[in-house]
$ cat entry26.csv   # CSV, C-alpha atoms and all ligand atoms
chain,number,residue,atom,x,y,z
L,14,MET,CA,65.8,99.2,94.9
L,15,THR,CA,64.4,96.0,93.3
L,16,GLN,CA,61.0,95.6,91.7
L,17,ASP,CA,59.0,92.5,92.5
L,18,PHE,CA,56.0,91.6,90.4
L,19,THR,CA,53.3,89.1,91.3
L,20,LEU,CA,50.5,89.4,88.7
L,21,MET,CA,47.4,87.4,88.4
L,22,SER,CA,48.2,83.7,88.8
L,23,HIS,CA,46.6,80.3,88.4
L,24,PRO,CA,47.6,77.2,90.4
L,25,PRO,CA,51.3,76.8,89.4
L,26,LEU,CA,52.5,73.7,87.6
L,27,SER,CA,55.8,74.2,89.4
L,28,ASP,CA,56.3,72.5,92.8
L,29,GLN,CA,56.7,75.8,94.7
L,30,PRO,CA,56.8,79.5,94.0
L,31,LEU,CA,60.4,80.6,93.2
L,32,THR,CA,62.1,84.0,93.1
L,33,LEU,CA,63.4,84.7,89.6
L,34,ALA,CA,65.7,87.5,88.3
L,35,ILE,CA,65.0,88.4,84.7
L,36,LEU,CA,67.6,90.6,83.1
L,37,GLY,CA,66.3,92.6,80.2
L,38,ALA,CA,62.9,94.3,80.5
L,39,GLY,CA,62.3,94.6,76.7
L,40,ALA,CA,59.6,92.8,74.8
L,41,TRP,CA,60.8,89.3,75.6
L,42,GLY,CA,62.0,89.9,79.2
L,43,SER,CA,58.5,91.4,80.0
L,44,ALA,CA,56.7,88.5,78.3
L,45,LEU,CA,58.7,85.9,80.2
L,46,ALA,CA,58.0,87.9,83.5
L,47,GLN,CA,54.3,87.7,82.7
L,48,LEU,CA,54.5,83.9,82.2
L,49,ALA,CA,56.4,83.4,85.4
L,50,CYS,CA,54.0,85.6,87.4
L,51,TYR,CA,51.1,83.7,85.9
L,52,ASN,CA,52.6,80.6,87.6
L,53,GLY,CA,52.8,82.4,91.0
L,54,HIS,CA,56.5,83.1,91.0
L,55,THR,CA,58.1,86.3,92.2
L,56,VAL,CA,59.9,88.1,89.4
L,57,ARG,CA,62.6,90.7,89.8
L,58,LEU,CA,63.0,92.5,86.5
L,59,TRP,CA,66.2,94.4,85.7
L,60,SER,CA,67.3,96.6,82.9
L,61,ARG,CA,69.4,99.7,82.4
L,62,HIS,CA,66.4,101.8,81.6
L,63,LEU,CA,64.6,100.8,84.9
L,64,GLY,CA,67.7,102.0,86.7
L,65,ASN,CA,67.4,99.4,89.5
L,66,SER,CA,70.3,97.7,91.2
L,67,LEU,CA,71.7,94.5,89.5
L,68,GLU,CA,73.2,93.4,92.8
L,69,GLU,CA,69.8,93.6,94.6
L,70,THR,CA,68.0,92.0,91.7
L,71,VAL,CA,70.1,88.8,91.8
L,72,ASN,CA,70.5,88.6,95.6
L,73,SER,CA,69.2,85.2,96.8
L,74,VAL,CA,67.2,84.3,93.6
L,75,ASP,CA,66.5,80.7,92.6
L,76,VAL,CA,66.9,81.1,88.9
L,77,LEU,CA,68.6,83.8,86.7
L,78,ILE,CA,67.1,84.5,83.3
L,79,SER,CA,68.7,86.7,80.6
L,80,ALA,CA,66.6,88.2,77.9
L,81,ILE,CA,69.0,90.9,77.0
L,82,SER,CA,69.8,91.7,73.3
L,83,MET,CA,73.0,90.2,72.1
L,84,ARG,CA,74.9,93.4,72.2
L,85,GLY,CA,74.5,93.6,76.0
L,86,VAL,CA,75.1,90.0,77.0
L,87,ALA,CA,78.9,90.0,77.4
L,88,THR,CA,79.0,93.3,79.4
L,89,THR,CA,76.1,92.3,81.6
L,90,ALA,CA,77.6,88.8,82.3
L,91,GLN,CA,80.9,90.4,83.1
L,92,GLN,CA,79.2,92.9,85.5
L,93,LEU,CA,77.5,89.9,87.2
L,94,GLN,CA,80.8,88.1,87.7
L,95,THR,CA,81.8,90.8,90.2
L,96,LEU,CA,78.6,90.2,92.2
L,97,LYS,CA,77.7,87.3,94.4
L,98,LEU,CA,75.3,84.9,92.6
L,99,PRO,CA,73.7,82.2,94.7
L,100,ASP,CA,75.6,79.0,94.4
L,101,GLN,CA,74.9,76.9,91.3
L,102,ILE,CA,71.6,78.4,90.4
L,103,PRO,CA,70.5,77.8,86.8
L,104,ILE,CA,71.3,80.6,84.3
L,105,VAL,CA,68.7,80.6,81.5
L,106,THR,CA,69.6,82.4,78.3
L,107,ALA,CA,66.7,83.5,76.0
L,108,THR,CA,68.8,85.7,73.7
L,109,LYS,CA,68.9,84.8,70.0
L,110,GLY,CA,72.1,86.1,68.6
L,111,LEU,CA,75.9,85.6,68.0
L,112,ASP,CA,78.6,87.6,69.8
L,113,PRO,CA,80.4,89.8,67.2
L,114,ASP,CA,83.7,89.8,69.1
L,115,SER,CA,84.1,86.1,69.7
L,116,THR,CA,81.5,84.6,67.2
L,117,ARG,CA,80.2,82.6,70.1
L,118,THR,CA,76.6,81.9,71.2
L,119,PRO,CA,75.1,83.5,74.4
L,120,SER,CA,75.1,80.1,76.2
L,121,GLN,CA,78.8,79.7,75.4
L,122,LEU,CA,79.5,83.2,76.8
L,123,TRP,CA,77.5,82.5,80.0
L,124,GLY,CA,79.1,79.0,80.3
L,125,THR,CA,82.6,80.4,80.1
L,126,LEU,CA,82.0,83.1,82.7
L,127,PHE,CA,79.9,80.9,85.1
L,128,PRO,CA,81.3,77.4,84.9
L,129,GLN,CA,79.8,76.4,88.2
L,130,HIS,CA,76.2,77.1,87.0
L,131,PRO,CA,74.1,74.9,84.8
L,132,ILE,CA,73.3,76.9,81.6
L,133,VAL,CA,69.8,76.4,80.1
L,134,VAL,CA,68.8,77.7,76.7
L,135,LEU,CA,65.1,78.8,76.2
L,136,SER,CA,64.1,79.1,72.6
L,137,GLY,CA,61.0,78.5,70.4
L,138,PRO,CA,58.4,80.0,68.2
L,139,ASN,CA,57.6,82.8,70.7
L,140,LEU,CA,56.5,86.1,69.4
L,141,SER,CA,56.3,88.1,72.5
L,142,ALA,CA,53.2,90.1,71.4
L,143,GLU,CA,51.2,86.9,71.1
L,144,ILE,CA,52.4,85.6,74.4
L,145,GLN,CA,51.5,88.9,76.1
L,146,GLN,CA,48.0,88.5,74.8
L,147,GLY,CA,47.8,85.1,76.5
L,148,LEU,CA,47.6,83.1,73.2
L,149,PRO,CA,48.9,79.5,73.5
L,150,ALA,CA,52.5,78.8,72.6
L,151,ALA,CA,55.3,76.2,73.1
L,152,THR,CA,59.0,76.4,73.7
L,153,VAL,CA,62.1,74.3,74.4
L,154,VAL,CA,64.4,74.5,77.4
L,155,ALA,CA,67.7,72.7,76.7
L,156,SER,CA,70.7,72.0,78.8
L,157,GLU,CA,73.4,69.5,79.3
L,158,ASN,CA,72.0,69.4,82.9
L,159,LEU,CA,68.6,67.8,82.5
L,160,GLU,CA,67.6,68.6,86.1
L,161,ALA,CA,68.2,72.3,85.6
L,162,ALA,CA,66.1,72.1,82.3
L,163,LYS,CA,63.3,70.5,84.3
L,164,ILE,CA,63.4,73.2,86.9
L,165,VAL,CA,63.0,75.8,84.2
L,166,GLN,CA,60.3,73.8,82.5
L,167,ARG,CA,58.3,73.8,85.7
L,168,VAL,CA,58.9,77.5,86.2
L,169,PHE,CA,57.2,78.5,82.9
L,170,ALA,CA,54.9,75.6,81.9
L,171,SER,CA,51.2,76.5,82.2
L,172,ASN,CA,47.9,75.9,80.3
L,173,ARG,CA,49.0,78.7,77.9
L,174,PHE,CA,52.7,77.9,77.5
L,175,ARG,CA,53.8,74.4,76.8
L,176,VAL,CA,57.5,73.7,77.6
L,177,TYR,CA,59.5,70.8,76.3
L,178,THR,CA,63.0,69.8,77.6
L,179,SER,CA,66.0,69.0,75.4
L,180,SER,CA,69.5,67.8,76.0
L,181,ASP,CA,70.8,69.8,72.9
L,182,PRO,CA,71.4,73.4,74.0
L,183,MET,CA,73.6,74.2,71.0
L,184,GLY,CA,71.0,73.0,68.5
L,185,THR,CA,68.2,74.7,70.3
L,186,GLU,CA,70.1,78.0,70.5
L,187,LEU,CA,71.3,77.9,66.9
L,188,GLY,CA,67.8,77.1,65.5
L,189,GLY,CA,66.4,80.3,67.1
L,190,THR,CA,69.4,82.4,66.2
L,191,LEU,CA,70.0,81.3,62.5
L,192,LYS,CA,66.3,81.5,61.6
L,193,ASN,CA,66.5,85.3,62.1
L,194,VAL,CA,68.7,85.5,59.0
L,195,ILE,CA,66.2,83.5,57.1
L,196,ALA,CA,63.3,85.7,58.4
L,197,ILE,CA,65.0,88.6,56.7
L,198,ALA,CA,65.1,86.6,53.4
L,199,ALA,CA,61.4,85.6,53.9
L,200,GLY,CA,60.5,89.3,54.4
L,201,VAL,CA,62.3,90.1,51.1
L,202,CYS,CA,60.4,87.2,49.4
L,203,ASP,CA,57.0,88.6,50.5
L,204,GLY,CA,58.0,92.2,50.0
L,205,LEU,CA,58.8,91.4,46.4
L,206,HIS,CA,55.5,89.4,46.1
L,207,LEU,CA,57.3,86.4,44.7
L,208,GLY,CA,54.5,84.0,45.6
L,209,THR,CA,53.9,80.9,47.7
L,210,ASN,CA,56.0,78.5,45.6
L,211,ALA,CA,59.0,80.7,46.0
L,212,LYS,CA,58.4,81.1,49.7
L,213,SER,CA,58.2,77.4,50.3
L,214,ALA,CA,61.3,76.8,48.2
L,215,LEU,CA,63.2,79.4,50.2
L,216,LEU,CA,62.2,78.1,53.6
L,217,THR,CA,62.9,74.5,52.7
L,218,ARG,CA,66.3,75.2,51.3
L,219,ALA,CA,67.0,77.5,54.3
L,220,LEU,CA,66.3,74.7,56.7
L,221,THR,CA,68.9,72.6,54.9
L,222,GLU,CA,71.3,75.5,55.2
L,223,ILE,CA,70.5,76.0,58.9
L,224,ILE,CA,71.1,72.2,59.5
L,225,ARG,CA,74.4,72.3,57.6
L,226,ILE,CA,75.7,75.2,59.8
L,227,GLY,CA,74.1,74.1,63.0
L,228,THR,CA,75.4,70.5,62.9
L,229,HIS,CA,78.8,71.8,62.0
L,230,LEU,CA,78.8,73.9,65.1
L,231,GLY,CA,77.6,71.1,67.3
L,232,GLY,CA,73.8,71.0,67.2
L,233,GLN,CA,71.9,67.7,66.5
L,234,THR,CA,70.0,67.4,63.2
L,235,GLU,CA,66.7,66.4,64.9
L,236,THR,CA,66.7,69.5,67.0
L,237,PHE,CA,66.4,71.7,63.9
L,238,PHE,CA,63.2,69.9,62.9
L,239,GLY,CA,61.7,70.8,66.2
L,240,LEU,CA,60.1,73.8,67.8
L,241,SER,CA,63.3,75.8,68.2
L,242,GLY,CA,64.3,75.2,64.5
L,243,LEU,CA,61.6,74.6,61.9
L,244,GLY,CA,58.9,75.8,64.4
L,245,ASP,CA,60.5,79.2,65.0
L,246,MET,CA,61.4,79.6,61.3
L,247,LEU,CA,57.7,79.1,60.4
L,248,THR,CA,56.7,81.7,63.0
L,249,THR,CA,59.1,84.4,62.2
L,250,CYS,CA,59.1,83.9,58.4
L,251,ASN,CA,55.4,84.2,58.2
L,252,SER,CA,54.5,87.0,60.7
L,253,SER,CA,54.7,90.7,60.4
L,254,LEU,CA,55.1,90.7,64.1
L,255,SER,CA,58.7,89.5,63.5
L,256,ARG,CA,61.1,92.4,63.4
L,257,ASN,CA,63.6,90.4,61.3
L,258,TYR,CA,60.9,89.7,58.8
L,259,ARG,CA,60.0,93.4,58.7
L,260,VAL,CA,63.6,94.3,58.0
L,261,GLY,CA,63.5,92.1,54.9
L,262,TYR,CA,60.1,93.4,53.8
L,263,GLY,CA,61.2,97.0,54.2
L,264,LEU,CA,64.4,96.4,52.2
L,265,ALA,CA,62.3,94.9,49.4
L,266,GLU,CA,60.1,98.0,49.4
L,267,GLY,CA,63.2,100.0,48.6
L,268,LYS,CA,63.9,101.4,52.1
L,269,THR,CA,67.4,101.6,53.4
L,270,LEU,CA,68.5,99.4,56.3
L,271,GLU,CA,68.9,102.5,58.5
L,272,GLN,CA,65.4,103.7,57.7
L,273,VAL,CA,63.9,100.2,58.5
L,274,LEU,CA,65.8,99.9,61.8
L,275,THR,CA,64.8,103.4,62.8
L,276,GLU,CA,61.1,102.6,62.1
L,277,LEU,CA,61.4,99.3,64.0
L,278,GLY,CA,62.8,101.0,67.1
L,279,SER,CA,63.7,97.6,68.8
L,280,THR,CA,66.0,94.7,68.4
L,281,ALA,CA,66.4,92.8,65.0
L,282,GLU,CA,69.1,90.4,65.9
L,283,GLY,CA,69.3,89.0,62.4
L,284,VAL,CA,71.3,91.9,61.1
L,285,ASN,CA,74.2,91.3,63.4
L,286,THR,CA,73.8,87.5,63.3
L,287,THR,CA,74.1,87.6,59.5
L,288,ASN,CA,77.5,89.4,59.7
L,289,VAL,CA,78.8,87.0,62.4
L,290,LEU,CA,77.5,84.0,60.5
L,291,ILE,CA,79.2,84.9,57.3
L,292,GLU,CA,82.5,85.3,59.3
L,293,ILE,CA,82.0,81.8,60.7
L,294,ALA,CA,81.0,80.4,57.3
L,295,HIS,CA,84.2,81.8,55.6
L,296,ARG,CA,86.3,80.6,58.5
L,297,GLU,CA,84.9,77.1,58.6
L,298,ARG,CA,84.2,76.9,54.8
L,299,ILE,CA,80.5,76.2,55.1
L,300,PRO,CA,78.4,76.9,52.0
L,301,VAL,CA,75.6,79.4,53.0
L,302,PRO,CA,74.0,80.6,49.7
L,303,ILE,CA,70.9,82.1,51.2
L,304,SER,CA,72.6,83.8,54.2
L,305,GLY,CA,75.3,84.9,51.8
L,306,GLN,CA,72.7,86.9,49.7
L,307,VAL,CA,71.2,88.3,52.9
L,308,TYR,CA,74.7,89.5,53.9
L,309,GLN,CA,75.2,91.2,50.6
L,310,LEU,CA,71.8,92.8,50.8
L,311,LEU,CA,72.3,94.1,54.3
L,312,ASN,CA,75.7,95.5,53.3
L,313,GLN,CA,74.4,97.2,50.2
L,314,GLN,CA,76.3,95.0,47.8
L,315,ILE,CA,73.3,93.8,45.9
L,316,THR,CA,69.6,94.7,45.4
L,317,PRO,CA,66.8,92.4,46.6
L,318,GLN,CA,66.0,91.5,42.9
L,319,LYS,CA,69.6,90.6,42.1
L,320,ALA,CA,69.8,88.5,45.3
L,321,VAL,CA,66.8,86.4,44.1
L,322,GLU,CA,68.4,86.1,40.6
L,323,ALA,CA,71.7,85.0,42.1
L,324,LEU,CA,69.9,82.2,44.1
L,325,MET,CA,68.0,81.0,41.0
L,326,GLU,CA,71.1,80.9,38.8
L,327,ARG,CA,73.3,78.8,41.1
L,328,ASP,CA,74.9,75.7,39.7
L,329,LEU,CA,72.4,72.9,39.2
L,330,LYS,CA,72.7,70.0,41.7
L,331,PRO,CA,70.7,67.1,43.3
L,332,GLU,CA,68.4,68.2,46.1
L,333,PHE,CA,70.3,66.1,48.6
L,334,TYR,CA,74.0,65.6,48.4
L,335,ALA,CA,77.0,65.4,50.8
L,336,GLU,CA,78.9,68.7,51.1
L,401,LIG,N1,60.6,89.8,71.3
L,401,LIG,C1,60.4,88.5,71.0
L,401,LIG,O1,59.4,88.1,70.5
L,401,LIG,C2,61.5,87.6,71.3
L,401,LIG,C3,62.8,88.0,71.5
L,401,LIG,N2,63.8,87.1,71.7
L,401,LIG,C4,65.2,87.5,71.9
L,401,LIG,O2,65.3,88.2,73.1
L,401,LIG,C5,66.3,89.2,73.0
L,401,LIG,C6,65.8,90.5,73.5
L,401,LIG,O3,64.8,90.8,72.6
L,401,LIG,P1,63.6,91.9,72.9
L,401,LIG,O4,63.3,91.9,74.3
L,401,LIG,O5,62.5,91.6,71.9
L,401,LIG,O6,64.3,93.3,72.5
L,401,LIG,P2,64.0,94.7,73.1
L,401,LIG,O7,64.7,95.6,72.1
L,401,LIG,O8,62.6,94.9,73.3
L,401,LIG,O9,64.8,94.8,74.5
L,401,LIG,C7,66.2,94.6,74.5
L,401,LIG,C8,66.6,94.4,76.0
L,401,LIG,O10,68.0,94.3,76.0
L,401,LIG,C9,68.6,95.3,76.8
L,401,LIG,N3,69.9,95.7,76.3
L,401,LIG,C10,70.2,96.1,75.1
L,401,LIG,N4,71.5,96.5,75.0
L,401,LIG,C11,72.0,96.3,76.2
L,401,LIG,C12,73.3,96.5,76.8
L,401,LIG,N5,74.3,97.0,76.1
L,401,LIG,N6,73.4,96.2,78.1
L,401,LIG,C13,72.4,95.8,78.9
L,401,LIG,N7,71.2,95.6,78.4
L,401,LIG,C14,71.0,95.8,77.1
L,401,LIG,C15,67.6,96.4,76.8
L,401,LIG,O11,67.8,97.2,77.9
L,401,LIG,P3,67.5,98.8,77.9
L,401,LIG,O12,66.0,98.9,77.6
L,401,LIG,O13,67.8,99.2,79.3
L,401,LIG,O14,68.3,99.4,76.8
L,401,LIG,C16,66.3,95.7,76.8
L,401,LIG,O15,66.0,95.3,78.1
L,401,LIG,C17,66.8,89.2,71.6
L,401,LIG,O16,68.0,88.4,71.5
L,401,LIG,C18,65.7,88.5,70.8
L,401,LIG,O17,66.1,87.8,69.7
L,401,LIG,C19,63.5,85.8,71.8
L,401,LIG,C20,62.2,85.3,71.7
L,401,LIG,C21,61.1,86.2,71.4
L,402,LIG,O1,62.3,85.1,68.0
L,402,LIG,C1,61.2,85.6,67.8
L,402,LIG,C2,60.0,84.7,67.8
L,402,LIG,O2,60.3,83.4,68.1
L,402,LIG,C3,61.1,87.0,67.6
L,402,LIG,O3,61.3,87.3,66.3
L,402,LIG,P1,61.8,88.8,65.9
L,402,LIG,O4,63.1,89.0,66.8
L,402,LIG,O5,62.1,88.7,64.5
L,402,LIG,O6,60.7,89.8,66.3
$ encode --input "entry26.csv" --output "structure tokens" --more "lines below"
Ligand SMILES: NC(=O)C1=CN([C@@H]2O[C@H](COP(=O)(O)OP(=O)(O)OC[C@H]3O[C@@H](n4cnc5c(N)ncnc54)[C@H](OP(=O)(O)O)[C@@H]3O)[C@@H](O)[C@H]2O)C=CC1
Ligand SMILES: O=C(CO)COP(=O)(O)O
Amino acid sequence: MTQDFTLMSHPPLSDQPLTLAILGAGAWGSALAQLACYNGHTVRLWSRHLGNSLEETVNSVDVLISAISMRGVATTAQQLQTLKLPDQIPIVTATKGLDPDSTRTPSQLWGTLFPQHPIVVLSGPNLSAEIQQGLPAATVVASENLEAAKIVQRVFASNRFRVYTSSDPMGTELGGTLKNVIAIAAGVCDGLHLGTNAKSALLTRALTEIIRIGTHLGGQTETFFGLSGLGDMLTTCNSSLSRNYRVGYGLAEGKTLEQVLTELGSTAEGVNTTNVLIEIAHRERIPVPISGQVYQLLNQQITPQKAVEALMERDLKPEFYAE
């Protein structure tokens, strides 16, 4: 049985109402469903806990959207491969994570399994709780197929959600993914009450680090200065609504990671992302001093105080230099 939702709507900015499948009925999938319903689209929401049929959910839809946590992306995409997806419909990925088995991004996983479909990344400063309250927000939809990005732009754009297109899916995706590691560091910074100067220094140097990794992996520098990079970093590093920020804050208060994650009760992608990122950084020889300290902290190799000391005592160098 499928579940179709059409909530209160206003005149849609999209040309015509579409039928969308949203996979993942967690915080983000539900908020995206609300935004699409607001624009008059029909939404079929699927998740394991709803217990509905994946096959019926995706039957004859116009757009497929995945808002599944990283740990479920590969298995769900493989399950979908055995079903019949409508030809060439856009697949939108809204997951912010890295696959621990392959170290690839969600869009790379989807693109490999569904080469005939345009893949669109949706990412931005989008705390679901604020969006569910109807507060204004903006996001980016990025694809190598600009027509597909424009379709997704029209699906979600409204007077409460401004949607920009981009032709840099990798940069857009990595901005949203890598900032989760930095949000953990920002939570530590605030949890230790290190002050505003320290926080600004941390975020500024973190942006440099994100750009270094992100461009190495194929993203464009300017994308990281946009909504999906700096924008999302500012949101998650400054809000206790961010689960990744709360992980860092809790660790700084002396809680164990297990304790913090139990209290959280939902997805904090930054924990897995840090582990995968460090694997990539070692493999590709990319310096990642801040993420490296977050890794040691999450893996109980260092205390929050020692992590701060280690960052302060690094070799002196110019602010900008070629790696
Ligand atoms: N919440 C937010 O503000 C935002 C979140 N995101 C990103 O969206 C993604 C989902 O986050 P969010 O909705 O908040 O997380 P939640 O923990 O609220 O929901 C996770 C969703 O993923 C599904 N899921 C988890 N594991 C599996 C699996 N093995 N197989 C199939 N489905 C699985 C869950 O299904 P079930 O309930 O059946 O277990 C649930 O629908 C994350 O990557 C996050 O970074 C992006 C922007 C904003
Ligand atoms: O990505 C997000 C906001 O843009 C959500 O952040 P958290 O996953 O840290 O809650």
$ closest_residue --input "entry26.csv" --among "L:Ser179, L:Gln91, L:Thr248, L:Ser253" --to "Lys163 in chain L" --atoms "only C-alpha atoms"
L:Ser179
$ closest_residue --input "entry26.csv" --among "L:Gly184, L:Ile223, L:Ala198, L:Gly278" --to "Gln309 in chain L" --atoms "only C-alpha atoms"
L:Ala198
$ residues_around --input "entry26.csv" --residues "Gly85 in chain L" --least-positions-apart "3" --cutoff "12 Å" --atoms "all atoms listed in the file" --output "ChimeraX atom specification"
/L:36-37,60-61,79-82,88-92,108,110-113,119,122,280,282
$ closest_residue --input "entry26.csv" --among "L:Val165, L:Ala214, L:Leu148, L:Met183" --to "Leu33 in chain L" --atoms "all atoms listed in the file"
L:Val165
$ residues_near_ligand --input "entry26.csv" --ligand "ligand LIG 402 (chain L)" --cutoff "6 Å" --atoms "all atoms listed in the file" --output "short mmCIF file (atom, residue, chain, number, x, y, z; two decimals) with C-alpha atoms, keeping the file's coordinate frame"
data_model
loop_
_atom_site.label_atom_id
_atom_site.label_comp_id
_atom_site.auth_asym_id
_atom_site.auth_seq_id
_atom_site.Cartn_x
_atom_site.Cartn_y
_atom_site.Cartn_z
CA GLY L 137 61.00 78.50 70.40
CA PRO L 138 58.40 80.00 68.20
CA ASN L 139 57.60 82.80 70.70
CA LEU L 140 56.50 86.10 69.40
CA ASP L 245 60.50 79.20 65.00
CA THR L 249 59.10 84.40 62.20
CA SER L 255 58.70 89.50 63.50
CA ARG L 256 61.10 92.40 63.40
CA ASN L 257 63.60 90.40 61.30
CA TYR L 258 60.90 89.70 58.80
CA ALA L 281 66.40 92.80 65.00
#
$ residues_near_point --input "entry26.csv" --point "(57.2, 87.2, 73.4)" --cutoff "10 Å" --atoms "all atoms listed in the file" --output "PyMOL selection string"
chain L and resi 39-45+47-48+137-146+150
$ closest_residue --input "entry26.csv" --among "L:Glu271, L:Glu332, L:Glu297, L:Glu186" --to "ligand LIG 401 (chain L)" --atoms "only C-alpha atoms and all ligand atoms"
L:Glu186
$ residues_near_point --input "entry26.csv" --point "(68.5, 80.2, 67.4)" --cutoff "8 Å" --atoms "all atoms listed in the file" --output "ChimeraX atom specification"
/L:109-110,136,184-193,241-242
$ closest_residue --input "entry26.csv" --among "L:Leu135, L:Val194, L:Val71, L:Ala170" --to "Val153 in chain L" --atoms "all atoms listed in the file"
L:Leu135
$ atom_distance --input "entry26.csv" --atom1 "CA of Thr55 in chain L" --atom2 "CA of Glu69 in chain L"
14.0 Å
$ atom_distance --input "entry26.csv" --atom1 "atom N4 of ligand LIG 401 (chain L)" --atom2 "CA of Ala161 in chain L"
26.6 Å
$ atom_distance --input "entry26.csv" --atom1 "CA of Phe333 in chain L" --atom2 "CA of Thr221 in chain L"
9.2 Å
$ closest_residue --input "entry26.csv" --among "L:His206, L:Lys97, L:Arg84, L:Arg167" --to "ligand LIG 401 (chain L)" --atoms "only C-alpha atoms and all ligand atoms"
L:Arg84
$ residues_around --input "entry26.csv" --residues "Pro128 in chain L" --least-positions-apart "3" --cutoff "12 Å" --atoms "only C-alpha atoms" --output "compact mmCIF listing (two decimals) with C-alpha atoms, in the frame of the given file"
# COMPACT_ATOMS: atom_id res chain seq x y z
CA GLN L 94 80.80 88.10 87.70
CA ASP L 100 75.60 79.00 94.40
CA GLN L 101 74.90 76.90 91.30
CA ILE L 102 71.60 78.40 90.40
CA PRO L 103 70.50 77.80 86.80
CA ILE L 104 71.30 80.60 84.30
CA SER L 120 75.10 80.10 76.20
CA GLN L 121 78.80 79.70 75.40
CA LEU L 122 79.50 83.20 76.80
CA TRP L 123 77.50 82.50 80.00
CA GLY L 124 79.10 79.00 80.30
CA THR L 125 82.60 80.40 80.10
CA PRO L 131 74.10 74.90 84.80
CA ILE L 132 73.30 76.90 81.60
$ residues_around --input "entry26.csv" --residues "Pro99 in chain L" --least-positions-apart "5" --cutoff "8 Å" --atoms "only C-alpha atoms" --output "list in words"
Asn72, Ser73, Val74 and Asp75 of chain L
